[in-house]
file target-v2.txt (compact mmCIF, C-alpha atoms and all ligand atoms)
# COMPACT_ATOMS: atom_id res chain seq x y z
CA MET Z 1 26.87 -3.27 -50.12
CA ARG Z 2 26.27 -6.50 -48.23
CA GLU Z 3 23.58 -7.09 -45.67
CA ASP Z 4 26.13 -7.88 -42.99
CA PHE Z 5 27.24 -4.22 -43.13
CA LEU Z 6 23.71 -3.24 -42.06
CA HIS Z 7 23.96 -5.81 -39.26
CA PHE Z 8 27.20 -4.16 -38.19
CA LEU Z 9 25.64 -0.68 -38.26
CA TRP Z 10 22.63 -1.83 -36.27
CA ARG Z 11 24.51 -3.92 -33.73
CA TRP Z 12 26.99 -1.20 -32.86
CA ARG Z 13 24.57 1.67 -33.58
CA ARG Z 14 26.98 3.19 -36.06
CA PHE Z 15 24.41 5.34 -37.81
CA ASP Z 16 23.13 8.85 -37.31
CA ALA Z 17 20.82 8.38 -34.32
CA SER Z 18 19.40 11.91 -34.21
CA LYS Z 19 15.70 12.43 -34.76
CA GLN Z 20 14.83 8.81 -35.22
CA PHE Z 21 11.52 8.06 -36.87
CA THR Z 22 10.10 5.06 -38.60
CA SER Z 23 9.30 5.51 -42.28
CA ASP Z 24 5.65 6.24 -41.42
CA GLY Z 25 6.69 9.05 -39.06
CA GLN Z 26 6.48 7.41 -35.61
CA PRO Z 27 9.12 8.61 -33.12
CA LEU Z 28 11.55 5.76 -32.42
CA GLU Z 29 13.97 5.21 -29.54
CA ILE Z 30 16.33 2.23 -29.68
CA LEU Z 31 16.90 1.03 -26.12
CA HIS Z 32 18.75 -2.16 -27.05
CA PRO Z 33 19.50 -3.47 -30.58
CA GLY Z 34 19.13 -7.09 -29.41
CA GLU Z 35 21.43 -10.07 -29.64
CA PRO Z 36 22.61 -11.31 -33.06
CA ASN Z 37 20.98 -14.58 -34.03
CA LEU Z 38 23.43 -16.90 -35.77
CA HIS Z 39 20.77 -19.48 -36.61
CA ALA Z 40 17.54 -19.54 -38.61
CA GLY Z 41 14.98 -16.87 -37.83
CA PRO Z 42 15.08 -13.08 -37.37
CA ASP Z 43 18.50 -11.39 -37.33
CA PHE Z 44 18.39 -9.98 -33.78
CA PHE Z 45 16.56 -11.38 -30.77
CA ASN Z 46 15.32 -9.56 -27.69
CA ALA Z 47 15.63 -6.02 -28.93
CA ARG Z 48 13.91 -3.24 -27.01
CA ILE Z 49 12.53 -0.12 -28.65
CA ARG Z 50 10.14 2.66 -27.75
CA LEU Z 51 7.77 3.40 -30.57
CA ASN Z 52 5.41 6.31 -30.18
CA GLU Z 53 5.78 6.15 -26.37
CA THR Z 54 5.02 2.40 -26.32
CA LEU Z 55 7.71 0.02 -25.15
CA TRP Z 56 8.26 -3.01 -27.43
CA ALA Z 57 10.42 -6.06 -26.85
CA GLY Z 58 11.00 -8.57 -29.64
CA ASN Z 59 12.99 -9.33 -32.74
CA VAL Z 60 14.51 -7.21 -35.48
CA GLU Z 61 14.92 -8.24 -39.11
CA ILE Z 62 17.40 -6.52 -41.42
CA HIS Z 63 17.38 -6.34 -45.22
CA LEU Z 64 18.96 -4.27 -47.95
CA ASN Z 65 15.53 -3.66 -49.48
CA ALA Z 66 12.20 -3.84 -47.69
CA SER Z 67 10.84 -6.08 -50.47
CA ASP Z 68 13.37 -8.78 -49.44
CA TRP Z 69 10.90 -9.53 -46.64
CA LEU Z 70 8.50 -10.91 -49.25
CA ALA Z 71 11.24 -12.41 -51.42
CA HIS Z 72 12.38 -14.45 -48.41
CA ARG Z 73 8.75 -15.39 -47.64
CA HIS Z 74 8.84 -13.99 -44.10
CA ASP Z 75 5.23 -12.87 -44.58
CA THR Z 76 4.11 -16.50 -44.33
CA ASP Z 77 6.63 -17.66 -41.72
CA PRO Z 78 5.37 -17.63 -38.09
CA ALA Z 79 9.00 -17.30 -36.89
CA TYR Z 80 8.76 -13.65 -38.03
CA ASP Z 81 5.46 -12.79 -36.32
CA ASN Z 82 7.40 -11.36 -33.38
CA VAL Z 83 9.42 -8.88 -35.44
CA ILE Z 84 8.95 -5.44 -33.90
CA LEU Z 85 11.10 -3.50 -36.35
CA HIS Z 86 12.24 -3.98 -39.94
CA VAL Z 87 15.59 -2.23 -40.52
CA VAL Z 88 16.42 -1.62 -44.19
CA PHE Z 89 18.80 0.33 -46.36
CA ASP Z 90 16.02 1.19 -48.78
CA GLU Z 91 12.29 1.01 -48.29
CA ASP Z 92 11.23 0.09 -51.79
CA GLN Z 93 7.90 -1.26 -50.57
CA ARG Z 94 5.54 -0.70 -47.64
CA LEU Z 95 4.83 -3.90 -45.74
CA CYS Z 96 2.18 -5.21 -43.37
CA ARG Z 97 2.16 -8.01 -40.86
CA SER Z 98 0.02 -11.09 -41.55
CA ASN Z 99 -2.81 -9.52 -39.45
CA GLY Z 100 -2.82 -6.43 -41.69
CA GLU Z 101 -1.03 -4.03 -39.29
CA PRO Z 102 1.79 -1.96 -40.84
CA LEU Z 103 5.27 -3.37 -40.09
CA PRO Z 104 7.34 -0.51 -38.60
CA CYS Z 105 10.34 0.20 -40.81
CA PHE Z 106 13.54 2.10 -40.02
CA VAL Z 107 15.53 3.27 -43.05
CA LEU Z 108 19.32 3.58 -42.80
CA ARG Z 109 20.05 4.95 -46.29
CA ASP Z 110 20.65 8.58 -45.23
CA ARG Z 111 21.97 7.81 -41.77
CA ILE Z 112 25.30 6.15 -42.58
CA PRO Z 113 28.26 8.48 -41.90
CA PRO Z 114 29.99 9.08 -45.29
CA GLN Z 115 33.47 8.41 -43.88
CA LEU Z 116 32.37 5.07 -42.52
CA LEU Z 117 30.76 4.16 -45.81
CA GLU Z 118 33.94 5.05 -47.66
CA LYS Z 119 36.11 2.94 -45.34
CA TYR Z 120 33.68 0.04 -45.70
CA PHE Z 121 33.74 0.17 -49.51
CA ARG Z 122 37.52 0.40 -49.46
CA LEU Z 123 37.73 -2.81 -47.40
CA GLU Z 124 35.05 -4.50 -49.47
CA HIS Z 125 36.60 -3.80 -52.85
CA GLU Z 126 40.31 -3.92 -52.03
CA ARG Z 127 41.97 -6.89 -53.73
CA ALA Z 128 45.26 -6.77 -51.78
CA TRP Z 129 46.64 -9.87 -50.01
CA VAL Z 130 45.09 -8.46 -46.84
CA PRO Z 131 42.33 -6.01 -47.77
CA CYS Z 132 43.03 -3.72 -44.82
CA GLU Z 133 46.80 -3.68 -45.25
CA LYS Z 134 47.04 0.09 -45.77
CA SER Z 135 45.36 0.75 -42.42
CA LEU Z 136 46.73 -2.24 -40.54
CA ASN Z 137 49.60 -0.53 -38.79
CA ALA Z 138 47.34 2.22 -37.45
CA VAL Z 139 45.37 -0.30 -35.36
CA PRO Z 140 46.38 -0.11 -31.67
CA ASN Z 141 48.64 -2.95 -30.61
CA ILE Z 142 46.39 -3.91 -27.72
CA VAL Z 143 43.48 -4.48 -30.13
CA ARG Z 144 45.68 -6.63 -32.36
CA LEU Z 145 47.10 -8.71 -29.48
CA ASN Z 146 43.73 -9.32 -27.84
CA TRP Z 147 42.28 -10.32 -31.19
CA LEU Z 148 45.13 -12.75 -31.84
CA ASP Z 149 44.48 -14.36 -28.44
CA ARG Z 150 40.82 -14.85 -29.31
CA LEU Z 151 41.66 -16.17 -32.76
CA LEU Z 152 44.03 -18.74 -31.30
CA VAL Z 153 41.30 -20.15 -29.06
CA GLU Z 154 38.88 -20.14 -32.00
CA ARG Z 155 41.43 -22.05 -34.09
CA LEU Z 156 42.00 -24.62 -31.34
CA GLU Z 157 38.26 -25.04 -30.92
CA GLN Z 158 37.86 -25.70 -34.64
CA LYS Z 159 40.71 -28.19 -34.62
CA THR Z 160 39.19 -29.99 -31.67
CA GLU Z 161 36.04 -30.67 -33.71
CA SER Z 162 37.96 -32.92 -36.07
CA ILE Z 163 39.90 -34.46 -33.15
CA ALA Z 164 36.57 -35.28 -31.46
CA GLN Z 165 35.54 -37.20 -34.59
CA VAL Z 166 38.76 -39.21 -34.50
CA VAL Z 167 38.30 -39.95 -30.78
CA ALA Z 168 34.73 -41.14 -31.49
CA ALA Z 169 35.91 -43.28 -34.44
CA ALA Z 170 38.58 -44.80 -32.16
CA GLY Z 171 35.89 -45.81 -29.64
CA GLN Z 172 37.01 -43.18 -27.07
CA HIS Z 173 40.44 -44.82 -26.97
CA TRP Z 174 42.55 -41.69 -26.44
CA GLU Z 175 45.92 -43.32 -27.09
CA GLU Z 176 44.71 -44.79 -30.40
CA ALA Z 177 43.09 -41.47 -31.36
CA PHE Z 178 46.30 -39.58 -30.59
CA TYR Z 179 48.24 -42.04 -32.74
CA ARG Z 180 45.83 -41.45 -35.66
CA VAL Z 181 45.95 -37.67 -35.37
CA LEU Z 182 49.73 -37.77 -35.09
CA ALA Z 183 49.93 -39.94 -38.21
CA ARG Z 184 47.71 -37.52 -40.11
CA ASN Z 185 50.02 -34.65 -39.26
CA PHE Z 186 53.03 -36.62 -40.40
CA GLY Z 187 51.47 -36.29 -43.85
CA LEU Z 188 52.00 -32.51 -43.81
CA LYS Z 189 49.14 -31.56 -46.18
CA VAL Z 190 50.38 -33.52 -49.20
CA ASN Z 191 50.21 -37.02 -47.70
CA VAL Z 192 47.57 -36.51 -45.04
CA GLU Z 193 45.08 -39.02 -46.50
CA PRO Z 194 47.50 -41.92 -46.99
CA PHE Z 195 48.94 -41.42 -43.50
CA GLU Z 196 45.43 -41.34 -42.08
CA ALA Z 197 44.46 -44.49 -43.98
CA LEU Z 198 47.68 -46.18 -42.85
CA ALA Z 199 46.99 -45.47 -39.18
CA ARG Z 200 43.48 -46.88 -39.54
CA ALA Z 201 44.79 -49.97 -41.33
CA LEU Z 202 47.50 -50.54 -38.74
CA PRO Z 203 46.08 -50.11 -35.22
CA LEU Z 204 48.39 -48.94 -32.47
CA ARG Z 205 47.94 -52.19 -30.49
CA LEU Z 206 49.54 -54.05 -33.41
CA LEU Z 207 52.49 -51.67 -33.59
CA ALA Z 208 52.82 -51.90 -29.80
CA LYS Z 209 53.50 -55.65 -30.08
CA HIS Z 210 56.61 -54.85 -32.10
CA GLN Z 211 57.61 -51.67 -30.31
CA ASP Z 212 61.02 -53.04 -29.30
CA HIS Z 213 62.05 -53.85 -32.89
CA LEU Z 214 62.48 -50.85 -35.17
CA PHE Z 215 63.08 -53.17 -38.14
CA GLN Z 216 59.72 -54.89 -37.65
CA LEU Z 217 57.97 -51.55 -37.18
CA GLU Z 218 59.41 -50.36 -40.49
CA ALA Z 219 58.36 -53.62 -42.16
CA LEU Z 220 54.81 -53.14 -40.89
CA LEU Z 221 54.59 -49.46 -41.81
CA PHE Z 222 56.28 -49.59 -45.21
CA GLY Z 223 54.56 -52.87 -46.05
CA GLN Z 224 51.09 -51.67 -45.10
CA ALA Z 225 51.79 -48.44 -46.97
CA GLY Z 226 52.17 -50.60 -50.09
CA LEU Z 227 55.79 -49.54 -50.56
CA LEU Z 228 57.42 -52.97 -50.30
CA SER Z 229 55.95 -54.63 -53.37
CA GLU Z 230 58.66 -53.60 -55.87
CA LYS Z 231 61.75 -55.53 -56.91
CA PHE Z 232 64.57 -54.03 -54.88
CA GLU Z 233 68.32 -53.97 -55.34
CA ASP Z 234 69.36 -53.07 -51.79
CA ASP Z 235 69.42 -55.78 -49.16
CA TYR Z 236 67.60 -53.61 -46.64
CA PRO Z 237 64.28 -53.22 -48.51
CA LYS Z 238 64.52 -56.88 -49.59
CA ALA Z 239 64.74 -57.88 -45.92
CA LEU Z 240 61.90 -55.51 -44.98
CA ALA Z 241 59.70 -57.03 -47.71
CA LYS Z 242 60.43 -60.52 -46.43
CA GLU Z 243 59.62 -59.52 -42.86
CA TYR Z 244 56.42 -57.86 -43.98
CA GLN Z 245 55.31 -60.98 -45.86
CA PHE Z 246 55.61 -62.92 -42.63
CA LEU Z 247 53.76 -60.27 -40.57
CA GLN Z 248 51.14 -59.76 -43.26
CA HIS Z 249 50.29 -63.44 -43.19
CA LYS Z 250 50.36 -63.55 -39.39
CA TYR Z 251 47.96 -60.61 -38.95
CA ASP Z 252 46.02 -61.01 -42.19
CA LEU Z 253 46.91 -57.51 -43.42
CA GLN Z 254 45.91 -55.88 -46.70
CA PRO Z 255 48.42 -53.26 -47.91
CA LEU Z 256 47.25 -49.87 -49.17
CA PRO Z 257 47.84 -48.94 -52.83
CA ALA Z 258 51.35 -47.50 -53.23
CA GLY Z 259 50.17 -44.95 -55.82
CA GLN Z 260 48.48 -42.76 -53.22
CA TRP Z 261 51.80 -41.58 -51.77
CA LYS Z 262 52.95 -38.31 -53.28
CA PHE Z 263 56.62 -37.45 -53.80
CA PHE Z 264 56.12 -34.80 -56.46
CA ARG Z 265 57.28 -31.29 -55.55
CA LEU Z 266 58.47 -32.41 -52.11
CA ARG Z 267 61.97 -31.83 -50.90
CA PRO Z 268 63.69 -35.21 -50.33
CA ALA Z 269 63.64 -34.63 -46.55
CA GLY Z 270 59.85 -34.47 -46.79
CA PHE Z 271 59.39 -37.63 -48.90
CA PRO Z 272 56.82 -39.99 -47.43
CA THR Z 273 59.54 -42.65 -47.14
CA ILE Z 274 61.45 -40.40 -44.74
CA ARG Z 275 58.28 -39.50 -42.85
CA LEU Z 276 57.40 -43.19 -42.51
CA ALA Z 277 60.89 -43.94 -41.22
CA GLN Z 278 60.50 -41.12 -38.69
CA PHE Z 279 57.05 -42.35 -37.73
CA ALA Z 280 58.49 -45.83 -37.16
CA ALA Z 281 61.23 -44.30 -35.00
CA LEU Z 282 58.62 -42.56 -32.86
CA ALA Z 283 56.58 -45.76 -32.50
CA HIS Z 284 59.83 -47.47 -31.47
CA ARG Z 285 60.39 -44.82 -28.82
CA SER Z 286 57.00 -45.40 -27.22
CA ALA Z 287 53.68 -47.07 -27.86
CA HIS Z 288 52.08 -44.85 -25.22
CA LEU Z 289 53.06 -41.41 -26.37
CA PHE Z 290 49.85 -39.79 -25.22
CA SER Z 291 50.07 -41.16 -21.67
CA GLN Z 292 53.69 -40.04 -21.54
CA LEU Z 293 52.74 -36.66 -22.92
CA LEU Z 294 50.32 -36.17 -20.02
CA GLU Z 295 53.21 -36.79 -17.63
CA THR Z 296 55.52 -34.18 -19.13
CA THR Z 297 55.59 -30.91 -17.23
CA ASN Z 298 57.30 -28.45 -19.55
CA THR Z 299 57.94 -27.68 -23.20
CA ALA Z 300 61.51 -29.05 -23.21
CA GLU Z 301 60.29 -32.44 -21.91
CA THR Z 302 57.46 -32.48 -24.43
CA GLU Z 303 59.84 -31.69 -27.26
CA GLN Z 304 62.20 -34.40 -26.09
CA LEU Z 305 59.36 -36.95 -26.13
CA PHE Z 306 58.91 -36.48 -29.87
CA THR Z 307 62.58 -36.62 -30.75
CA ALA Z 308 63.74 -39.98 -32.13
CA GLU Z 309 66.60 -41.38 -34.22
CA ILE Z 310 65.73 -43.01 -37.55
CA SER Z 311 67.30 -46.31 -38.62
CA ALA Z 312 70.74 -46.38 -40.25
CA TYR Z 313 69.43 -47.03 -43.79
CA TRP Z 314 67.40 -43.82 -43.81
CA ARG Z 315 70.36 -41.74 -42.72
CA THR Z 316 71.83 -42.30 -46.18
CA HIS Z 317 68.72 -42.77 -48.34
CA PHE Z 318 65.63 -40.75 -49.19
CA ARG Z 319 63.98 -43.62 -51.12
CA PHE Z 320 64.63 -47.35 -51.41
CA ASP Z 321 67.65 -48.13 -53.60
CA LYS Z 322 68.57 -44.45 -53.92
CA THR Z 323 71.51 -43.14 -51.98
CA ALA Z 324 70.95 -39.65 -50.62
CA ALA Z 325 73.21 -36.86 -51.80
CA GLY Z 326 72.77 -35.18 -48.42
CA ARG Z 327 72.17 -36.72 -45.07
CA ALA Z 328 68.57 -37.50 -44.13
CA LYS Z 329 67.73 -36.01 -40.78
CA PRO Z 330 66.14 -37.67 -37.78
CA LEU Z 331 62.99 -35.89 -36.70
CA GLY Z 332 64.33 -32.37 -37.23
CA ARG Z 333 63.56 -29.76 -34.61
CA GLU Z 334 61.39 -27.75 -36.96
CA PHE Z 335 59.33 -30.81 -37.81
CA VAL Z 336 58.95 -31.72 -34.14
CA HIS Z 337 57.71 -28.18 -33.53
CA LEU Z 338 55.12 -28.66 -36.27
CA LEU Z 339 53.94 -31.83 -34.55
CA LEU Z 340 53.70 -30.00 -31.23
CA ILE Z 341 51.78 -27.15 -32.85
CA ASN Z 342 49.41 -29.18 -35.01
CA THR Z 343 48.92 -32.34 -32.98
CA VAL Z 344 50.02 -32.01 -29.39
CA ALA Z 345 48.60 -28.59 -28.50
CA PRO Z 346 45.13 -29.15 -30.08
CA PHE Z 347 44.93 -32.66 -28.66
CA LEU Z 348 45.84 -31.51 -25.13
CA PHE Z 349 43.36 -28.66 -25.47
CA HIS Z 350 40.59 -31.04 -26.52
CA TYR Z 351 41.43 -33.61 -23.86
CA GLY Z 352 41.51 -30.90 -21.16
CA ARG Z 353 38.13 -29.58 -22.26
CA THR Z 354 36.51 -33.02 -22.52
CA LYS Z 355 37.79 -34.15 -19.13
CA GLY Z 356 37.15 -30.82 -17.40
CA LEU Z 357 40.87 -30.19 -16.82
CA PRO Z 358 41.49 -26.47 -17.48
CA ASP Z 359 45.16 -26.86 -16.49
CA LEU Z 360 45.70 -29.00 -19.57
CA GLN Z 361 44.04 -26.38 -21.76
CA ASP Z 362 46.36 -23.76 -20.27
CA ARG Z 363 49.29 -26.07 -20.93
CA ALA Z 364 48.32 -26.31 -24.59
CA LEU Z 365 48.23 -22.51 -24.83
CA ARG Z 366 51.52 -22.19 -22.94
CA LEU Z 367 53.16 -24.74 -25.22
CA LEU Z 368 52.27 -22.64 -28.26
CA GLU Z 369 53.50 -19.48 -26.54
CA GLU Z 370 56.85 -21.11 -25.81
CA LEU Z 371 57.44 -22.44 -29.32
CA PRO Z 372 59.13 -20.21 -31.90
CA PRO Z 373 57.06 -18.65 -34.69
CA GLU Z 374 56.45 -20.90 -37.69
CA THR Z 375 57.88 -20.05 -41.08
CA ASN Z 376 55.59 -20.40 -44.07
CA THR Z 377 54.26 -18.24 -46.89
CA VAL Z 378 51.32 -16.90 -44.88
CA VAL Z 379 53.50 -15.92 -41.95
CA ASP Z 380 55.98 -14.32 -44.39
CA GLY Z 381 53.10 -12.38 -45.93
CA TRP Z 382 52.19 -10.95 -42.54
CA VAL Z 383 55.82 -10.09 -41.78
CA LYS Z 384 56.01 -8.13 -45.06
CA ARG Z 385 53.05 -6.12 -43.83
CA GLY Z 386 54.69 -5.32 -40.52
CA GLN Z 387 52.94 -8.04 -38.51
CA ARG Z 388 55.77 -9.99 -36.96
CA ALA Z 389 54.75 -12.87 -34.68
CA ALA Z 390 56.54 -13.44 -31.39
CA ASN Z 391 55.75 -17.15 -31.07
CA ALA Z 392 53.79 -20.08 -32.52
CA SER Z 393 50.65 -18.99 -30.73
CA GLN Z 394 50.67 -15.80 -32.79
CA THR Z 395 51.57 -17.51 -36.07
CA GLN Z 396 48.66 -19.89 -35.54
CA ALA Z 397 46.36 -16.93 -34.88
CA LEU Z 398 47.66 -15.10 -37.98
CA LEU Z 399 47.12 -18.19 -40.13
CA HIS Z 400 43.56 -18.40 -38.85
CA LEU Z 401 43.00 -14.70 -39.44
CA LYS Z 402 44.19 -14.89 -43.04
CA THR Z 403 42.35 -18.04 -44.06
CA ARG Z 404 39.15 -17.71 -42.04
CA TYR Z 405 38.66 -13.94 -42.08
CA CYS Z 406 40.72 -11.95 -44.61
CA ASP Z 407 40.34 -14.39 -47.52
CA VAL Z 408 36.57 -14.53 -47.11
CA LYS Z 409 36.18 -10.83 -46.25
CA ARG Z 410 34.87 -11.22 -42.71
CA CYS Z 411 36.23 -7.78 -41.86
CA LEU Z 412 33.05 -6.78 -40.04
CA GLU Z 413 33.51 -9.66 -37.59
CA CYS Z 414 37.22 -8.93 -37.15
CA ALA Z 415 38.43 -6.77 -34.26
CA ILE Z 416 40.98 -5.15 -36.58
CA GLY Z 417 38.25 -4.40 -39.13
CA ASN Z 418 36.08 -2.95 -36.36
CA ALA Z 419 38.95 -0.76 -35.17
CA ILE Z 420 39.52 0.48 -38.73
CA LEU Z 421 35.84 1.29 -39.20
CA ARG Z 422 35.65 3.30 -35.97
S1 LIG W 1 39.61 -9.65 -41.79
FE1 LIG W 1 40.52 -8.17 -40.41
S2 LIG W 1 42.71 -8.31 -40.74
FE2 LIG W 1 41.71 -9.33 -42.45
S3 LIG W 1 41.50 -7.80 -44.03
FE3 LIG W 1 39.64 -7.73 -42.86
S4 LIG W 1 39.99 -6.20 -41.30
FE4 LIG W 1 41.97 -6.74 -42.13
call {"tool": "encode", "arguments": {"input": "target-v2.txt", "output": "C-alpha cells", "more": "lines below"}}
Ligand code: SF4
result
Amino acid sequence: MREDFLHFLWRWRRFDASKQFTSDGQPLEILHPGEPNLHAGPDFFNARIRLNETLWAGNVEIHLNASDWLAHRHDTDPAYDNVILHVVFDEDQRLCRSNGEPLPCFVLRDRIPPQLLEKYFRLEHERAWVPCEKSLNAVPNIVRLNWLDRLLVERLEQKTESIAQVVAAAGQHWEEAFYRVLARNFGLKVNVEPFEALARALPLRLLAKHQDHLFQLEALLFGQAGLLSEKFEDDYPKALAKEYQFLQHKYDLQPLPAGQWKFFRLRPAGFPTIRLAQFAALAHRSAHLFSQLLETTNTAETEQLFTAEISAYWRTHFRFDKTAAGRAKPLGREFVHLLLINTVAPFLFHYGRTKGLPDLQDRALRLLEELPPETNTVVDGWVKRGQRAANASQTQALLHLKTRYCDVKRCLECAIGNAILR
C-alpha cells in the first residue's frame, strides 16, 4: 500500500466513520479533513476536528506507520508543531509532541472497506497497458468527458511552461519565439534538438530578409543545418551550396554539425531534408506567421496559413542526389494538423493567458475541438479499449492521461480512478 491511498481515504472520508476514537480512546469527530498540501510541510492544512468535546483547527499528517513521524524527523521540525491529528494505517509506536503531550493518533487499519481495498490493490498491481482497463467502460461517460476536458487544459498549461521559456529566451519577441517553437515541432520527436538549434542559429529577422526567394531560404536553412558540405552530383544542391557560401560569408554564419540530423527509421516523407524544405516553404509564405495567425478567425483560415508548396527539386527527391521513388508531398494535411495541435494551439493559449485575452484561449481550445483525432500508437491503444476520441482535443487529453497518469499510476488523482474506487 502507498501513502497516497491513505491521503485519498482521508480526503474523501472513504473509511468506516462510525464510532471514531483516537488510539488513546478520545472520541473524535472530523468536521473537515483540511486542504491537501502539495508543498513541504504537513499533508493537510486547516483541518477541523472535535476531540473530546474540544474544537481543534490545524494540520493533519498522514503516514503508513506512526514511527514514520520520527523517521522523517517531524519531531524536531517546527513546521509540524501545529499538527492536531496523526492519521496512520498502523500505530506501531506511541508518539508525543515536542512539549511532551501525546500526539492524537487515528488508525485506519480496520476502517477501510474490504471492497475498496480490493479495487485499490487491483489497480495498484495490474500490469495491463491501462491498469483500469477492465473497469474502464463501466465509468459514466459524463465523468470521462469532464475529465478529458480538465486533462486538456492541464496539458496546455504544461506545454505553455516550455513556451514561456522560449519567449523569455527570445527577449519577449513573440514572432521570433513562435518561429522557434514551430521549428522545434518540425523535428517531430526525432529531430527536435537539431531543428531547435537551427532556429536559434538562424534568427527569423535573417530569414525575413530573404523571404521572397525560396532558393535563398533553402540555401540558408540547409547550409546552416550543415547539409551542404558534401560533394554533390545534382546541380541543385551544388547551386544551393554556392549560394550558402556567399550568405555564410555575408552574415558570418557557423553551420551546425550535419551528424546530428537523424534519418534512421524515418519514412522518406519524414526525412529532415523534406522537413527543412517544408520549413523553407513556410518561411517563404510569410515571415510574420504569428501576426497573421492572430488575424485568422476560423480553423480553415488557420489551416490555410500553414499550407505551402515546396520547391520543385523536393517534389522528386527525398535527399540530395537521390531521386524519390514516390512523390514527396508539400506540407501534407496531417502534418499541418500536427503543427496546429502541437504549436499553434498551445502558443495561442499561452499568448491569450499572458496578455489577458481569454478569447484567444477559447480559440485554442476550439481549434483542437475542430481538428480530427490524431492517429498514433497511444490513441490506437485507447481505441482498442473502447475509448474512441471524437477530435484532437480528446486525443491530446488521452495522450496526457496515458503518459502523465496511467503510466505512473496516478489513479488516485484521476477522475476515472476515483469513479472506479467509489
Ligand atoms: S490513471 Fe485513470 S485511466 Fe489511467 S489506469 Fe489509472 S484509473 Fe485508469
call {"tool": "residues_around", "arguments": {"input": "target-v2.txt", "residues": "Glu91 in chain Z", "least_positions_apart": "5", "cutoff": "9 Å", "atoms": "only C-alpha atoms", "output": "JSON, numbers by chain"}}
result
{"Z": [23, 64, 65, 66, 67, 105, 106, 107, 109]}
call {"tool": "residues_near_ligand", "arguments": {"input": "target-v2.txt", "ligand": "ligand LIG 1 (chain W)", "cutoff": "7 Å", "atoms": "all atoms listed in the file", "output": "list in words"}}
result
Leu123, Val130, Pro131, Cys132, Glu133, Leu136, Leu401, Lys402, Tyr405, Cys406, Lys409, Arg410, Cys411, Cys414, Ala415, Ile416 and Gly417 of chain Z
call {"tool": "residues_around", "arguments": {"input": "target-v2.txt", "residues": "Leu348 in chain Z", "least_positions_apart": "6", "cutoff": "7 Å", "atoms": "all atoms listed in the file", "output": "list in words"}}
result
Leu360, Gln361 and Ala364 of chain Z
call {"tool": "write_last_selection", "arguments": {"input": "target-v2.txt", "atoms": "C-alpha atoms", "output": "mmCIF file, keeping the file's coordinate frame"}}
result
data_model
loop_
_atom_site.group_PDB
_atom_site.id
_atom_site.type_symbol
_atom_site.label_atom_id
_atom_site.label_comp_id
_atom_site.auth_asym_id
_atom_site.auth_seq_id
_atom_site.Cartn_x
_atom_site.Cartn_y
_atom_site.Cartn_z
ATOM 1 C CA LEU Z 360 45.700 -29.000 -19.570
ATOM 2 C CA GLN Z 361 44.040 -26.380 -21.760
ATOM 3 C CA ALA Z 364 48.320 -26.310 -24.590
#
call {"tool": "closest_residue", "arguments": {"input": "target-v2.txt", "among": "Z:Lys262, Z:Lys209, Z:Arg14, Z:Arg127", "to": "Ala225 in chain Z", "atoms": "all atoms listed in the file"}}
result
Z:Lys262
call {"tool": "atom_distance", "arguments": {"input": "target-v2.txt", "atom1": "CA of Arg275 in chain Z", "atom2": "CA of Ser393 in chain Z"}}
result
25.0 Å
call {"tool": "residues_around", "arguments": {"input": "target-v2.txt", "residues": "His74 in chain Z", "least_positions_apart": "5", "cutoff": "12 Å", "atoms": "all atoms listed in the file", "output": "compact mmCIF listing (two decimals) with C-alpha atoms, in the coordinates of the input"}}
result
# COMPACT_ATOMS: atom_id res chain seq x y z
CA ALA Z 40 17.54 -19.54 -38.61
CA GLY Z 41 14.98 -16.87 -37.83
CA PRO Z 42 15.08 -13.08 -37.37
CA GLU Z 61 14.92 -8.24 -39.11
CA ILE Z 62 17.40 -6.52 -41.42
CA HIS Z 63 17.38 -6.34 -45.22
CA ALA Z 66 12.20 -3.84 -47.69
CA SER Z 67 10.84 -6.08 -50.47
CA ASP Z 68 13.37 -8.78 -49.44
CA TRP Z 69 10.90 -9.53 -46.64
CA ALA Z 79 9.00 -17.30 -36.89
CA TYR Z 80 8.76 -13.65 -38.03
CA ASP Z 81 5.46 -12.79 -36.32
CA ASN Z 82 7.40 -11.36 -33.38
CA VAL Z 83 9.42 -8.88 -35.44
CA HIS Z 86 12.24 -3.98 -39.94
CA LEU Z 95 4.83 -3.90 -45.74
CA CYS Z 96 2.18 -5.21 -43.37
CA ARG Z 97 2.16 -8.01 -40.86
CA SER Z 98 0.02 -11.09 -41.55
CA LEU Z 103 5.27 -3.37 -40.09
call {"tool": "residues_around", "arguments": {"input": "target-v2.txt", "residues": "range 195-198 of chain Z", "least_positions_apart": "6", "cutoff": "7 Å", "atoms": "only C-alpha atoms", "output": "list in words"}}
result
Arg180, Ala183, Arg184, Gly187, Gln224 and Ala225 of chain Z
call {"tool": "closest_residue", "arguments": {"input": "target-v2.txt", "among": "Z:Leu116, Z:Pro78, Z:Gly34, Z:Val166", "to": "Asp16 in chain Z", "atoms": "all atoms listed in the file"}}
result
Z:Leu116
call {"tool": "residues_around", "arguments": {"input": "target-v2.txt", "residues": "range 210-214 of chain Z", "least_positions_apart": "4", "cutoff": "12 Å", "atoms": "all atoms listed in the file", "output": "count of residues only"}}
result
32
call {"tool": "atom_distance", "arguments": {"input": "target-v2.txt", "atom1": "CA of Val192 in chain Z", "atom2": "CA of Phe264 in chain Z"}}
result
14.4 Å
call {"tool": "residues_near_point", "arguments": {"input": "target-v2.txt", "point": "(45.3, -3.3, -32.4)", "cutoff": "12 Å", "atoms": "all atoms listed in the file", "output": "PyMOL selection string"}}
result
chain Z and resi 135-149+387+414-420
call {"tool": "axis_aligned_box", "arguments": {"input": "target-v2.txt", "around": "range 162-167 of chain Z", "padding_each_side": "4 Å", "output": "AutoDock Vina command-line options"}}
result
--center_x 37.7 --center_y -36.4 --center_z -33.4 --size_x 12.4 --size_y 15.0 --size_z 13.3
call {"tool": "closest_residue", "arguments": {"input": "target-v2.txt", "among": "Z:Thr395, Z:Ala241, Z:Tyr120, Z:Leu339", "to": "Val383 in chain Z", "atoms": "only C-alpha atoms"}}
result
Z:Thr395
call {"tool": "closest_residue", "arguments": {"input": "target-v2.txt", "among": "Z:Arg2, Z:Lys231, Z:His173, Z:Arg73", "to": "Glu124 in chain Z", "atoms": "only C-alpha atoms"}}
result
Z:Arg2
call {"tool": "atom_distance", "arguments": {"input": "target-v2.txt", "atom1": "CA of Phe8 in chain Z", "atom2": "CA of Glu413 in chain Z"}}
result
8.4 Å
